[in-house]
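For reference, entry_6.cif is printed below; it contains mmCIF, C-alpha atoms.
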data_work
#
loop_
_atom_site.label_atom_id
_atom_site.label_comp_id
_atom_site.auth_asym_id
_atom_site.auth_seq_id
_atom_site.Cartn_x
_atom_site.Cartn_y
_atom_site.Cartn_z
CA MET M 4 107.78 -26.12 -33.02
CA PRO M 5 107.05 -25.18 -29.38
CA ARG M 6 103.48 -24.85 -28.24
CA PRO M 7 102.19 -21.44 -29.41
CA VAL M 8 101.01 -19.04 -26.75
CA THR M 9 97.29 -18.91 -27.47
CA LEU M 10 94.80 -16.35 -26.22
CA GLN M 11 91.57 -18.22 -25.52
CA LEU M 12 88.65 -15.81 -25.70
CA SER M 13 86.00 -18.54 -25.64
CA PRO M 14 86.15 -21.89 -23.82
CA LEU M 15 85.66 -25.26 -25.43
CA THR M 16 84.22 -28.17 -23.45
CA GLY M 17 85.17 -31.74 -22.76
CA GLN M 18 87.91 -33.54 -24.62
CA PRO M 19 88.55 -30.78 -27.19
CA GLN M 20 89.45 -28.35 -24.38
CA GLU M 21 91.85 -30.91 -22.99
CA ASP M 22 93.33 -31.46 -26.45
CA LEU M 23 93.72 -27.71 -26.93
CA ALA M 24 95.67 -27.44 -23.68
CA VAL M 25 98.07 -30.10 -24.98
CA VAL M 26 98.86 -28.40 -28.30
CA ALA M 27 98.88 -24.78 -27.06
CA GLU M 28 99.98 -22.73 -24.06
CA LEU M 29 96.68 -21.11 -23.13
CA VAL M 30 96.45 -17.61 -21.65
CA ARG M 31 93.67 -15.20 -20.80
CA ASP M 32 93.27 -11.62 -21.94
CA THR M 33 95.17 -9.29 -19.62
CA GLY M 34 93.70 -6.11 -21.10
CA ALA M 35 97.22 -4.96 -21.97
CA GLU M 36 99.46 -5.50 -24.99
CA MET M 37 100.32 -9.18 -25.32
CA PRO M 38 103.30 -9.54 -27.68
CA GLU M 39 103.78 -13.17 -26.66
CA VAL M 40 100.45 -14.28 -28.18
CA GLU M 41 100.81 -16.16 -31.46
CA ALA M 42 97.29 -17.61 -31.84
CA VAL M 43 93.71 -16.87 -30.76
CA VAL M 44 90.79 -19.23 -30.14
CA THR M 45 87.35 -17.61 -30.20
CA PHE M 46 83.67 -18.18 -30.93
CA ALA M 47 82.15 -16.65 -34.07
CA ALA M 48 79.60 -14.83 -31.92
CA LYS M 49 82.41 -13.13 -29.99
CA GLY M 50 85.00 -12.74 -32.73
CA VAL M 51 88.13 -10.75 -31.96
CA PRO M 52 87.28 -7.16 -30.99
CA GLU M 53 89.35 -4.57 -32.83
CA GLU M 54 90.90 -3.28 -29.62
CA VAL M 55 92.00 -6.81 -28.71
CA LEU M 56 93.50 -7.44 -32.14
CA ALA M 57 95.40 -4.16 -31.85
CA ARG M 58 97.01 -5.42 -28.63
CA LEU M 59 98.33 -8.58 -30.30
CA PRO M 60 101.24 -7.36 -32.45
CA ASN M 61 102.63 -10.84 -33.14
CA VAL M 62 99.49 -12.91 -33.61
CA LYS M 63 99.71 -15.21 -36.62
CA MET M 64 96.57 -17.35 -36.51
CA ILE M 65 92.92 -17.16 -35.36
CA SER M 66 90.88 -20.36 -34.97
CA VAL M 67 87.13 -19.65 -34.92
CA PHE M 68 84.42 -21.88 -33.43
CA GLY M 69 81.68 -21.33 -36.04
CA VAL M 70 81.46 -20.31 -39.68
CA GLY M 71 80.81 -16.59 -39.32
CA ALA M 72 83.66 -14.12 -39.25
CA ASP M 73 81.70 -10.86 -39.29
CA LYS M 74 83.09 -9.93 -35.84
CA ILE M 75 86.70 -10.18 -37.00
CA ASP M 76 88.34 -7.47 -39.09
CA LEU M 77 89.32 -9.68 -42.01
CA GLU M 78 90.85 -6.84 -43.98
CA GLU M 79 93.17 -6.07 -41.07
CA CYS M 80 94.02 -9.76 -40.85
CA ARG M 81 94.90 -9.80 -44.54
CA ARG M 82 97.01 -6.70 -44.14
CA ARG M 83 98.92 -8.24 -41.24
CA GLY M 84 99.16 -11.71 -42.74
CA ILE M 85 97.07 -13.34 -40.00
CA ILE M 86 95.56 -16.71 -40.87
CA VAL M 87 91.85 -17.07 -40.03
CA ALA M 88 90.24 -20.53 -40.05
CA THR M 89 86.68 -21.48 -39.11
CA THR M 90 84.85 -24.74 -38.48
CA ARG M 91 83.33 -24.68 -41.96
CA GLY M 92 82.05 -28.07 -43.04
CA THR M 93 81.25 -29.38 -39.56
CA LEU M 94 77.76 -27.93 -39.14
CA ASN M 95 76.23 -27.98 -42.63
CA ASP M 96 73.77 -30.80 -41.91
CA ASP M 97 72.39 -29.39 -38.68
CA VAL M 98 71.96 -25.86 -40.01
CA ALA M 99 70.27 -27.16 -43.16
CA ASP M 100 68.01 -29.33 -40.99
CA CYS M 101 67.05 -26.24 -38.99
CA ALA M 102 66.18 -24.34 -42.17
CA LEU M 103 63.84 -27.12 -43.27
CA MET M 104 62.44 -27.50 -39.75
CA LEU M 105 61.47 -23.82 -39.74
CA THR M 106 60.08 -24.05 -43.28
CA LEU M 107 57.96 -27.06 -42.39
CA ALA M 108 56.78 -25.47 -39.12
CA LEU M 109 55.61 -22.39 -41.02
CA HIS M 110 53.82 -24.28 -43.78
CA ARG M 111 52.03 -26.63 -41.39
CA GLU M 112 51.53 -24.02 -38.63
CA LEU M 113 53.18 -26.34 -36.12
CA LEU M 114 53.11 -24.00 -33.12
CA PRO M 115 49.44 -22.95 -33.46
CA GLN M 116 48.47 -26.59 -34.07
CA ASP M 117 50.37 -27.65 -30.95
CA ARG M 118 48.67 -24.99 -28.84
CA PHE M 119 45.27 -25.92 -30.31
CA ALA M 120 45.73 -29.56 -29.29
CA ARG M 121 47.07 -28.71 -25.82
CA ASP M 122 44.66 -25.98 -24.71
CA GLY M 123 41.47 -27.86 -25.51
CA GLY M 124 40.61 -26.11 -28.76
CA TRP M 125 40.45 -29.37 -30.64
CA ALA M 126 38.11 -30.89 -28.04
CA ARG M 127 35.91 -27.80 -28.01
CA GLU M 128 35.65 -27.27 -31.75
CA GLY M 129 36.04 -30.81 -33.01
CA LYS M 130 37.83 -29.78 -36.18
CA VAL M 131 41.14 -28.44 -37.41
CA TRP M 132 42.01 -25.78 -39.95
CA LEU M 133 43.83 -26.29 -43.22
CA THR M 134 47.49 -25.39 -43.65
CA HIS M 135 49.86 -25.63 -46.63
CA THR M 136 51.84 -28.39 -48.30
CA MET M 137 55.50 -27.93 -49.21
CA ALA M 138 55.51 -30.24 -52.23
CA GLY M 139 55.36 -28.26 -55.45
CA LYS M 140 56.22 -24.96 -53.76
CA LYS M 141 59.21 -22.81 -54.72
CA LEU M 142 62.05 -22.33 -52.27
CA GLY M 143 64.64 -19.64 -52.90
CA ILE M 144 68.08 -19.74 -51.29
CA PHE M 145 70.15 -16.58 -50.89
CA GLY M 146 73.68 -17.88 -50.49
CA MET M 147 74.39 -21.18 -52.24
CA GLY M 148 77.47 -22.11 -50.24
CA ASP M 149 78.02 -25.42 -48.47
CA ILE M 150 74.99 -24.92 -46.23
CA GLY M 151 72.85 -23.66 -49.10
CA VAL M 152 73.63 -26.82 -51.07
CA GLU M 153 72.45 -28.96 -48.15
CA ILE M 154 69.26 -26.89 -47.80
CA ALA M 155 68.57 -27.40 -51.51
CA ARG M 156 69.09 -31.15 -51.19
CA ARG M 157 66.61 -31.38 -48.34
CA ALA M 158 64.03 -29.11 -49.98
CA GLU M 159 64.13 -31.21 -53.13
CA ALA M 160 63.48 -34.31 -50.99
CA PHE M 161 60.22 -32.56 -50.05
CA ARG M 162 59.63 -32.15 -53.81
CA MET M 163 60.04 -28.39 -53.71
CA GLU M 164 61.38 -26.49 -56.69
CA VAL M 165 64.61 -24.72 -55.71
CA GLY M 166 66.23 -21.56 -57.04
CA TYR M 167 69.12 -19.52 -55.70
CA HIS M 168 70.98 -16.21 -55.84
CA ASN M 169 74.71 -15.80 -55.27
CA ARG M 170 77.15 -13.07 -56.19
CA SER M 171 77.97 -15.37 -59.11
CA ARG M 172 76.51 -18.50 -60.63
CA ARG M 173 77.95 -21.74 -59.29
CA GLY M 174 77.85 -25.23 -60.72
CA ALA M 175 74.52 -26.08 -59.10
CA PRO M 176 71.66 -27.65 -61.06
CA GLN M 177 69.04 -25.40 -59.50
CA ARG M 178 67.71 -22.31 -61.26
CA TYR M 179 69.96 -19.27 -60.86
CA PHE M 180 68.67 -15.72 -60.37
CA ASP M 181 71.06 -12.86 -60.96
CA THR M 182 69.30 -10.63 -58.42
CA LEU M 183 67.86 -11.27 -54.98
CA ALA M 184 64.79 -9.29 -55.98
CA GLY M 185 64.16 -11.68 -58.84
CA LEU M 186 64.50 -14.66 -56.52
CA ALA M 187 62.11 -13.10 -53.99
CA ASP M 188 59.55 -12.43 -56.71
CA TRP M 189 59.72 -16.08 -57.82
CA CYS M 190 59.80 -18.07 -54.58
CA ASP M 191 57.20 -18.99 -51.97
CA THR M 192 59.80 -19.27 -49.22
CA LEU M 193 63.02 -17.25 -49.13
CA VAL M 194 65.80 -18.84 -47.06
CA LEU M 195 68.77 -16.68 -46.06
CA ALA M 196 72.09 -18.54 -45.95
CA ALA M 197 74.49 -15.74 -46.90
CA PRO M 198 77.26 -14.26 -44.73
CA GLY M 199 76.79 -11.08 -42.75
CA THR M 200 78.72 -8.33 -44.53
CA ALA M 201 78.34 -4.64 -45.25
CA GLU M 202 76.80 -5.60 -48.60
CA THR M 203 74.17 -7.88 -47.03
CA PHE M 204 73.21 -5.59 -44.14
CA HIS M 205 69.39 -5.21 -44.18
CA VAL M 206 69.28 -6.75 -47.64
CA VAL M 207 65.79 -7.92 -46.68
CA ASP M 208 64.00 -4.63 -46.16
CA ALA M 209 60.38 -3.55 -46.55
CA ALA M 210 60.58 -3.61 -50.35
CA MET M 211 62.08 -7.11 -50.38
CA LEU M 212 59.43 -8.37 -47.96
CA ASP M 213 56.74 -7.06 -50.29
CA ARG M 214 58.32 -9.09 -53.07
CA ILE M 215 57.98 -12.24 -50.94
CA GLY M 216 54.34 -11.30 -50.55
CA PRO M 217 51.35 -12.09 -48.32
CA ASP M 218 51.47 -15.82 -49.08
CA GLY M 219 55.24 -16.13 -48.70
CA PHE M 220 57.57 -17.06 -45.87
CA LEU M 221 61.01 -15.84 -44.78
CA VAL M 222 63.52 -18.17 -43.09
CA ASN M 223 66.82 -16.88 -41.69
CA ILE M 224 69.57 -19.24 -40.48
CA ALA M 225 72.40 -16.90 -41.56
CA ARG M 226 72.92 -13.65 -39.64
CA GLY M 227 70.33 -11.40 -38.02
CA GLN M 228 71.75 -8.29 -39.68
CA LEU M 229 70.53 -9.46 -43.09
CA VAL M 230 66.97 -8.54 -42.07
CA ASP M 231 65.52 -5.17 -41.14
CA GLU M 232 63.59 -6.52 -38.16
CA ALA M 233 61.46 -3.41 -37.70
CA ALA M 234 60.34 -3.71 -41.33
CA LEU M 235 59.68 -7.44 -40.83
CA VAL M 236 57.50 -6.79 -37.76
CA ALA M 237 55.52 -4.20 -39.70
CA ALA M 238 55.06 -6.60 -42.62
CA LEU M 239 53.95 -9.44 -40.33
CA ASP M 240 51.50 -7.21 -38.45
CA ALA M 241 49.99 -5.94 -41.71
CA GLY M 242 49.77 -9.40 -43.29
CA ARG M 243 52.15 -8.39 -46.07
CA ILE M 244 54.11 -11.60 -45.41
CA ALA M 245 52.63 -14.88 -44.21
CA GLY M 246 55.27 -15.76 -41.64
CA ALA M 247 58.91 -15.90 -40.63
CA GLY M 248 61.10 -18.62 -39.16
CA LEU M 249 64.19 -17.14 -37.51
CA ASP M 250 67.19 -18.68 -35.78
CA VAL M 251 69.24 -15.46 -35.78
CA PHE M 252 68.50 -11.89 -34.74
CA GLU M 253 69.92 -8.39 -34.96
CA ASP M 254 70.35 -7.97 -31.20
CA GLU M 255 71.14 -11.38 -29.75
CA PRO M 256 70.07 -12.69 -27.31
CA ARG M 257 67.16 -10.24 -27.37
CA PRO M 258 64.79 -10.84 -30.31
CA HIS M 259 62.71 -7.85 -31.36
CA PRO M 260 59.60 -7.73 -29.10
CA GLY M 261 57.38 -7.58 -32.17
CA LEU M 262 58.79 -10.86 -33.41
CA VAL M 263 58.25 -12.47 -30.02
CA ALA M 264 54.64 -11.27 -29.89
CA SER M 265 53.72 -12.20 -33.45
CA PRO M 266 51.61 -15.34 -34.00
CA ARG M 267 53.20 -15.57 -37.46
CA THR M 268 56.75 -16.36 -36.28
CA VAL M 269 58.70 -19.45 -35.28
CA LEU M 270 61.80 -18.50 -33.29
CA THR M 271 64.82 -20.51 -32.17
CA PRO M 272 67.72 -19.10 -30.09
CA HIS M 273 70.58 -19.22 -32.64
CA ALA M 274 70.62 -22.95 -32.08
CA ALA M 275 70.82 -24.34 -35.62
CA SER M 276 74.15 -26.07 -34.94
CA ALA M 277 73.41 -26.79 -31.28
CA THR M 278 73.51 -30.56 -31.23
CA MET M 279 75.92 -32.56 -29.12
CA GLU M 280 77.37 -34.25 -32.17
CA THR M 281 78.00 -31.11 -34.19
CA ARG M 282 79.30 -28.97 -31.34
CA THR M 283 81.81 -31.72 -30.54
CA ARG M 284 82.95 -31.79 -34.18
CA MET M 285 83.21 -28.00 -34.22
CA ALA M 286 85.37 -27.94 -31.10
CA GLY M 287 87.57 -30.64 -32.56
CA LYS M 288 87.96 -28.58 -35.74
CA VAL M 289 89.12 -25.57 -33.71
CA VAL M 290 91.90 -27.74 -32.30
CA SER M 291 92.81 -29.38 -35.62
CA ASN M 292 93.04 -25.95 -37.29
CA LEU M 293 95.60 -24.97 -34.68
CA GLU M 294 97.44 -28.26 -35.14
CA ASP M 295 97.57 -27.66 -38.91
CA TYR M 296 99.01 -24.20 -38.29
CA ILE M 297 101.69 -25.59 -35.98
CA ALA M 298 102.62 -28.29 -38.51
CA GLY M 299 102.54 -25.91 -41.47
CA ARG M 300 99.81 -27.95 -43.17
CA PRO M 301 97.11 -26.50 -45.47
CA MET M 302 93.78 -25.78 -43.77
CA ASP M 303 90.61 -26.76 -45.60
CA ALA M 304 88.57 -24.26 -43.53
CA ARG M 305 90.93 -21.31 -43.93
CA ILE M 306 89.15 -18.12 -45.02
CA VAL M 307 92.11 -15.69 -44.82
#

Will you turn the file into structure tokens for me?
Amino acid sequence: MPRPVTLQLSPLTGQPQEDLAVVAELVRDTGAEMPEVEAVVTFAAKGVPEEVLARLPNVKMISVFGVGADKIDLEECRRRGIIVATTRGTLNDDVADCALMLTLALHRELLPQDRFARDGGWAREGKVWLTHTMAGKKLGIFGMGDIGVEIARRAEAFRMEVGYHNRSRRGAPQRYFDTLAGLADWCDTLVLAAPGTAETFHVVDAAMLDRIGPDGFLVNIARGQLVDEAALVAALDAGRIAGAGLDVFEDEPRPHPGLVASPRTVLTPHAASATMETRTRMAGKVVSNLEDYIAGRPMDARIV
């Protein structure tokens, strides 16, 4: 099979970019109809805009750097028979690590403790305040997919009790809740690991935050749109929730000013998978997905 003409909407780096140029004939978006394009390479954060997809009448495959596909019209892809494959499976460890990092930082008040040690507070006052242990606490996971499983494994290593909510029960040993509300009522920390869809948009609203409660924490390593950020800021300001650890935001790269100003938040810049090792694996998976398409092989990370 000849090298497929591939529209590259997002660049890779290093060896994977070189490998991509070997297996595909790379082109840039012309802004016009591009009937010659057979494949697309893009980042999850960029996706494939609807107007771009409409200008690619013969596209057969989309290889996505990342696990999210909320910026690709998957229904249109199904209708047109377009294969969509992500880098699922390459970033589970790092994203799960980030979830536990944020959980630990909230429980032990890492950022206030750091500031206290640096700005002379410790020297002036000669004592520290008490924070919270994680052992024995209840951690709820919304979205028990591959990443959720890894979060559960790490939380249990901290001797936390783990429960989860999915659209359906899966073969996991942890306690299952058939509603998110029930999970939020039960847990001390709610971790969001579900995809961003129309059904999950603002699923964590003011009422859900009140279920988490004034001693509870929210951690989001999924998609910013799952959380009503205005409601979260109001809950943090009023002490209706103890704190929030967020790696994703509704309007990236501009976190809500109230979240930035709050002393109850720990924020990271959508960097859960941003390690050299994982980003290299992700880029390699983008290329191998395209190679599998060319060879007609099954793709383990195909979502459409």

Leaving out Gly151 (chain M) and any residue of its chain fewer than 5 positions from it, which residues lie within 7 Å of it when counting all atoms listed in the file, given as a list in words?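 Using all atoms listed in the file, the neighbours found are Ile144, Gly146 and Ala196 of chain M.
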
Taking C-alpha atoms for each residue, export the selection above as a CSV table (one decimal), keeping the file's coordinate frame.
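Now in again-v8.csv:
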chain,number,residue,atom,x,y,z
M,144,ILE,CA,68.1,-19.7,-51.3
M,146,GLY,CA,73.7,-17.9,-50.5
M,196,ALA,CA,72.1,-18.5,-46.0

Could you give me, as a PyMOL selection string, the residues within 12 Å of Ala57 (chain M), counting only C-alpha atoms and dropping anything in the same chain fewer than 3 positions from it? chain M and resi 34-38+40+51-54+60-62+75-76+79-80+83

C-alpha atoms of the current selection, written as an mmCIF file, keeping the file's coordinate frame:
data_model
loop_
_atom_site.group_PDB
_atom_site.id
_atom_site.type_symbol
_atom_site.label_atom_id
_atom_site.label_comp_id
_atom_site.auth_asym_id
_atom_site.auth_seq_id
_atom_site.Cartn_x
_atom_site.Cartn_y
_atom_site.Cartn_z
ATOM 1 C CA GLY M 34 93.700 -6.110 -21.100
ATOM 2 C CA ALA M 35 97.220 -4.960 -21.970
ATOM 3 C CA GLU M 36 99.460 -5.500 -24.990
ATOM 4 C CA MET M 37 100.320 -9.180 -25.320
ATOM 5 C CA PRO M 38 103.300 -9.540 -27.680
ATOM 6 C CA VAL M 40 100.450 -14.280 -28.180
ATOM 7 C CA VAL M 51 88.130 -10.750 -31.960
ATOM 8 C CA PRO M 52 87.280 -7.160 -30.990
ATOM 9 C CA GLU M 53 89.350 -4.570 -32.830
ATOM 10 C CA GLU M 54 90.900 -3.280 -29.620
ATOM 11 C CA PRO M 60 101.240 -7.360 -32.450
ATOM 12 C CA ASN M 61 102.630 -10.840 -33.140
ATOM 13 C CA VAL M 62 99.490 -12.910 -33.610
ATOM 14 C CA ILE M 75 86.700 -10.180 -37.000
ATOM 15 C CA ASP M 76 88.340 -7.470 -39.090
ATOM 16 C CA GLU M 79 93.170 -6.070 -41.070
ATOM 17 C CA CYS M 80 94.020 -9.760 -40.850
ATOM 18 C CA ARG M 83 98.920 -8.240 -41.240
#

Tell me, in Å to one decimal, how far CA of Leu109 (chain M) is from CA of Ser276 (chain M). 19.9 Å

Could you tell me which residues the PyMOL selection byres ((chain M and resi 11-14) around 12) returns for this structure, as a PyMOL selection string? chain M and resi 7-10+15-21+23-24+27-34+40-52+55-56+65-69+286+289-290

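Between CA of Val131 (chain M) and CA of Leu114 (chain M) lies a distance of 13.5 Å.
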
Pick out the closest residue to Gly227 (chain M) from this set: M:Ala126, M:Val251, M:Leu239, M:Met211. Count all atoms listed in the file.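 The closest residue to Gly227 (chain M) is M:Val251.
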
Suppose you want the space between CA of Ile150 (chain M) and CA of Asn95 (chain M); what is it in Å?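 So the answer is 4.9 Å.
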
Pick out the closest residue to Leu229 (chain M) from this set: M:Gly148, M:Pro272, M:Gly199, M:Gly216. Count only C-alpha atoms.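 Among the listed residues, M:Gly199 lies closest to Leu229 (chain M).
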
Got a sec: who's within 12 Å of Glu159 (chain M), counting all atoms listed in the file, leaving out chain neighbours fewer than 6 positions off, as JSON, numbers by chain? {"M": [103, 137, 138, 139, 140, 141, 142, 143, 152, 153, 165, 166, 176, 177]}

What do you get, as an mmCIF file with C-alpha atoms, keeping the file's coordinate frame, if you spell out every residue that the PyMOL selection byres ((chain M and resi 245) around 8) selects here?
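Just written: expr-v7.cif:
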data_model
loop_
_atom_site.group_PDB
_atom_site.id
_atom_site.type_symbol
_atom_site.label_atom_id
_atom_site.label_comp_id
_atom_site.auth_asym_id
_atom_site.auth_seq_id
_atom_site.Cartn_x
_atom_site.Cartn_y
_atom_site.Cartn_z
ATOM 1 C CA GLY M 216 54.340 -11.300 -50.550
ATOM 2 C CA PRO M 217 51.350 -12.090 -48.320
ATOM 3 C CA ASP M 218 51.470 -15.820 -49.080
ATOM 4 C CA GLY M 219 55.240 -16.130 -48.700
ATOM 5 C CA PHE M 220 57.570 -17.060 -45.870
ATOM 6 C CA LEU M 239 53.950 -9.440 -40.330
ATOM 7 C CA GLY M 242 49.770 -9.400 -43.290
ATOM 8 C CA ARG M 243 52.150 -8.390 -46.070
ATOM 9 C CA ILE M 244 54.110 -11.600 -45.410
ATOM 10 C CA GLY M 246 55.270 -15.760 -41.640
ATOM 11 C CA ALA M 247 58.910 -15.900 -40.630
ATOM 12 C CA ARG M 267 53.200 -15.570 -37.460
#

Tell me which of M:Ala209, M:Val222, M:Ala238, M:Leu186 sits closest to Val269 (chain M), counting all atoms listed in the file. M:Val222

On this structure, the PyMOL selection byres ((chain M and resi 224) around 6) would catch which residues? List them as a PDB file with C-alpha atoms, in the frame of the given file, sorted by chain and number.
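Just written: result-v6.pdb:
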ATOM      1  CA  ASN M 223      66.820 -16.880 -41.690  1.00  0.00           C
ATOM      2  CA  ALA M 225      72.400 -16.900 -41.560  1.00  0.00           C
ATOM      3  CA  ASP M 250      67.190 -18.680 -35.780  1.00  0.00           C
TER       4      ASP M 250
END

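Minimum atom-to-atom distances from M:Lys130, M:Arg257, M:His205, M:Arg91 to Glu232 (chain M) were compared using all atoms listed in the file, and the lowest value belongs to M:His205.
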
Could you check which residues have any atom within 9 Å of (87.0, -19.1, -46.0), counting only C-alpha atoms with coordinates taken straight from the file, and then list them as a list of chain:residue names? M:Val70, M:Val87, M:Ala88, M:Thr89, M:Arg91, M:Asp303, M:Ala304, M:Arg305, M:Ile306, M:Val307

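Using only C-alpha atoms, the smallest distance between any of M:Arg156, M:His110, M:Arg162, M:Arg178 and Asp191 (chain M) comes from M:His110.
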
Assuming 3 Å of padding per side, give the centre and edge lengths of the axis-aligned box around every listed atom of region 51-67 of chain M, in Å to one decimal and as JSON.
{"center_x": 94.9, "center_y": -11.8, "center_z": -32.6, "size_x": 21.5, "size_y": 23.1, "size_z": 14.0}

At a cut-off of 10 Å around the point (61.3, -9.5, -38.5) (file coordinates), what residues fall inside when counting all atoms listed in the file? I'd like the answer as a PyMOL selection string. chain M and resi 207-208+212+221+223+227+230-239+246-249+252-253+258-263+265+268

All heavy atoms modelled onto region 124-131 of chain M, as an mmCIF file, in the coordinates of the input:
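Result saved to selection-v7.cif:
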data_model
loop_
_atom_site.group_PDB
_atom_site.id
_atom_site.type_symbol
_atom_site.label_atom_id
_atom_site.label_comp_id
_atom_site.auth_asym_id
_atom_site.auth_seq_id
_atom_site.Cartn_x
_atom_site.Cartn_y
_atom_site.Cartn_z
ATOM 1 N N GLY M 124 41.318 -26.617 -27.588
ATOM 2 C CA GLY M 124 40.610 -26.110 -28.760
ATOM 3 C C GLY M 124 40.075 -27.210 -29.644
ATOM 4 O O GLY M 124 38.941 -27.131 -30.158
ATOM 5 N N TRP M 125 40.874 -28.230 -29.815
ATOM 6 C CA TRP M 125 40.450 -29.370 -30.640
ATOM 7 C C TRP M 125 39.213 -30.039 -30.034
ATOM 8 O O TRP M 125 38.233 -30.345 -30.727
ATOM 9 C CB TRP M 125 41.615 -30.335 -30.751
ATOM 10 C CG TRP M 125 41.411 -31.495 -31.685
ATOM 11 C CD1 TRP M 125 40.526 -31.574 -32.720
ATOM 12 C CD2 TRP M 125 42.109 -32.738 -31.658
ATOM 13 N NE1 TRP M 125 40.633 -32.783 -33.354
ATOM 14 C CE2 TRP M 125 41.594 -33.519 -32.719
ATOM 15 C CE3 TRP M 125 43.121 -33.252 -30.847
ATOM 16 C CZ2 TRP M 125 42.071 -34.811 -32.977
ATOM 17 C CZ3 TRP M 125 43.591 -34.528 -31.122
ATOM 18 C CH2 TRP M 125 43.067 -35.308 -32.170
ATOM 19 N N ALA M 126 39.243 -30.243 -28.712
ATOM 20 C CA ALA M 126 38.110 -30.890 -28.040
ATOM 21 C C ALA M 126 36.866 -30.021 -28.109
ATOM 22 O O ALA M 126 35.742 -30.513 -28.277
ATOM 23 C CB ALA M 126 38.481 -31.191 -26.584
ATOM 24 N N ARG M 127 37.063 -28.704 -27.995
ATOM 25 C CA ARG M 127 35.910 -27.800 -28.010
ATOM 26 C C ARG M 127 35.296 -27.690 -29.398
ATOM 27 O O ARG M 127 34.075 -27.693 -29.556
ATOM 28 C CB ARG M 127 36.331 -26.405 -27.530
ATOM 29 C CG ARG M 127 36.639 -26.310 -26.048
ATOM 30 C CD ARG M 127 36.776 -24.853 -25.627
ATOM 31 N NE ARG M 127 37.781 -24.143 -26.416
ATOM 32 C CZ ARG M 127 39.071 -24.091 -26.093
ATOM 33 N NH1 ARG M 127 39.518 -24.732 -25.015
ATOM 34 N NH2 ARG M 127 39.932 -23.411 -26.842
ATOM 35 N N GLU M 128 36.148 -27.564 -30.409
ATOM 36 C CA GLU M 128 35.650 -27.270 -31.750
ATOM 37 C C GLU M 128 35.490 -28.505 -32.624
ATOM 38 O O GLU M 128 34.738 -28.487 -33.597
ATOM 39 C CB GLU M 128 36.582 -26.262 -32.425
ATOM 40 C CG GLU M 128 36.671 -24.943 -31.654
ATOM 41 C CD GLU M 128 37.578 -23.937 -32.341
ATOM 42 O OE1 GLU M 128 37.720 -24.017 -33.582
ATOM 43 O OE2 GLU M 128 38.136 -23.085 -31.640
ATOM 44 N N GLY M 129 36.218 -29.560 -32.289
ATOM 45 C CA GLY M 129 36.040 -30.810 -33.010
ATOM 46 C C GLY M 129 36.547 -30.810 -34.436
ATOM 47 O O GLY M 129 36.218 -31.710 -35.209
ATOM 48 N N LYS M 130 37.318 -29.821 -34.814
ATOM 49 C CA LYS M 130 37.830 -29.780 -36.180
ATOM 50 C C LYS M 130 39.148 -29.004 -36.177
ATOM 51 O O LYS M 130 39.469 -28.283 -35.239
ATOM 52 C CB LYS M 130 36.844 -29.123 -37.130
ATOM 53 C CG LYS M 130 36.510 -27.686 -36.772
ATOM 54 C CD LYS M 130 35.501 -27.094 -37.748
ATOM 55 C CE LYS M 130 35.179 -25.642 -37.371
ATOM 56 N NZ LYS M 130 34.206 -25.039 -38.312
ATOM 57 N N VAL M 131 39.892 -29.175 -37.246
ATOM 58 C CA VAL M 131 41.140 -28.440 -37.410
ATOM 59 C C VAL M 131 41.066 -27.594 -38.668
ATOM 60 O O VAL M 131 40.185 -27.782 -39.514
ATOM 61 C CB VAL M 131 42.345 -29.413 -37.495
ATOM 62 C CG1 VAL M 131 42.458 -30.224 -36.228
ATOM 63 C CG2 VAL M 131 42.219 -30.340 -38.709
#
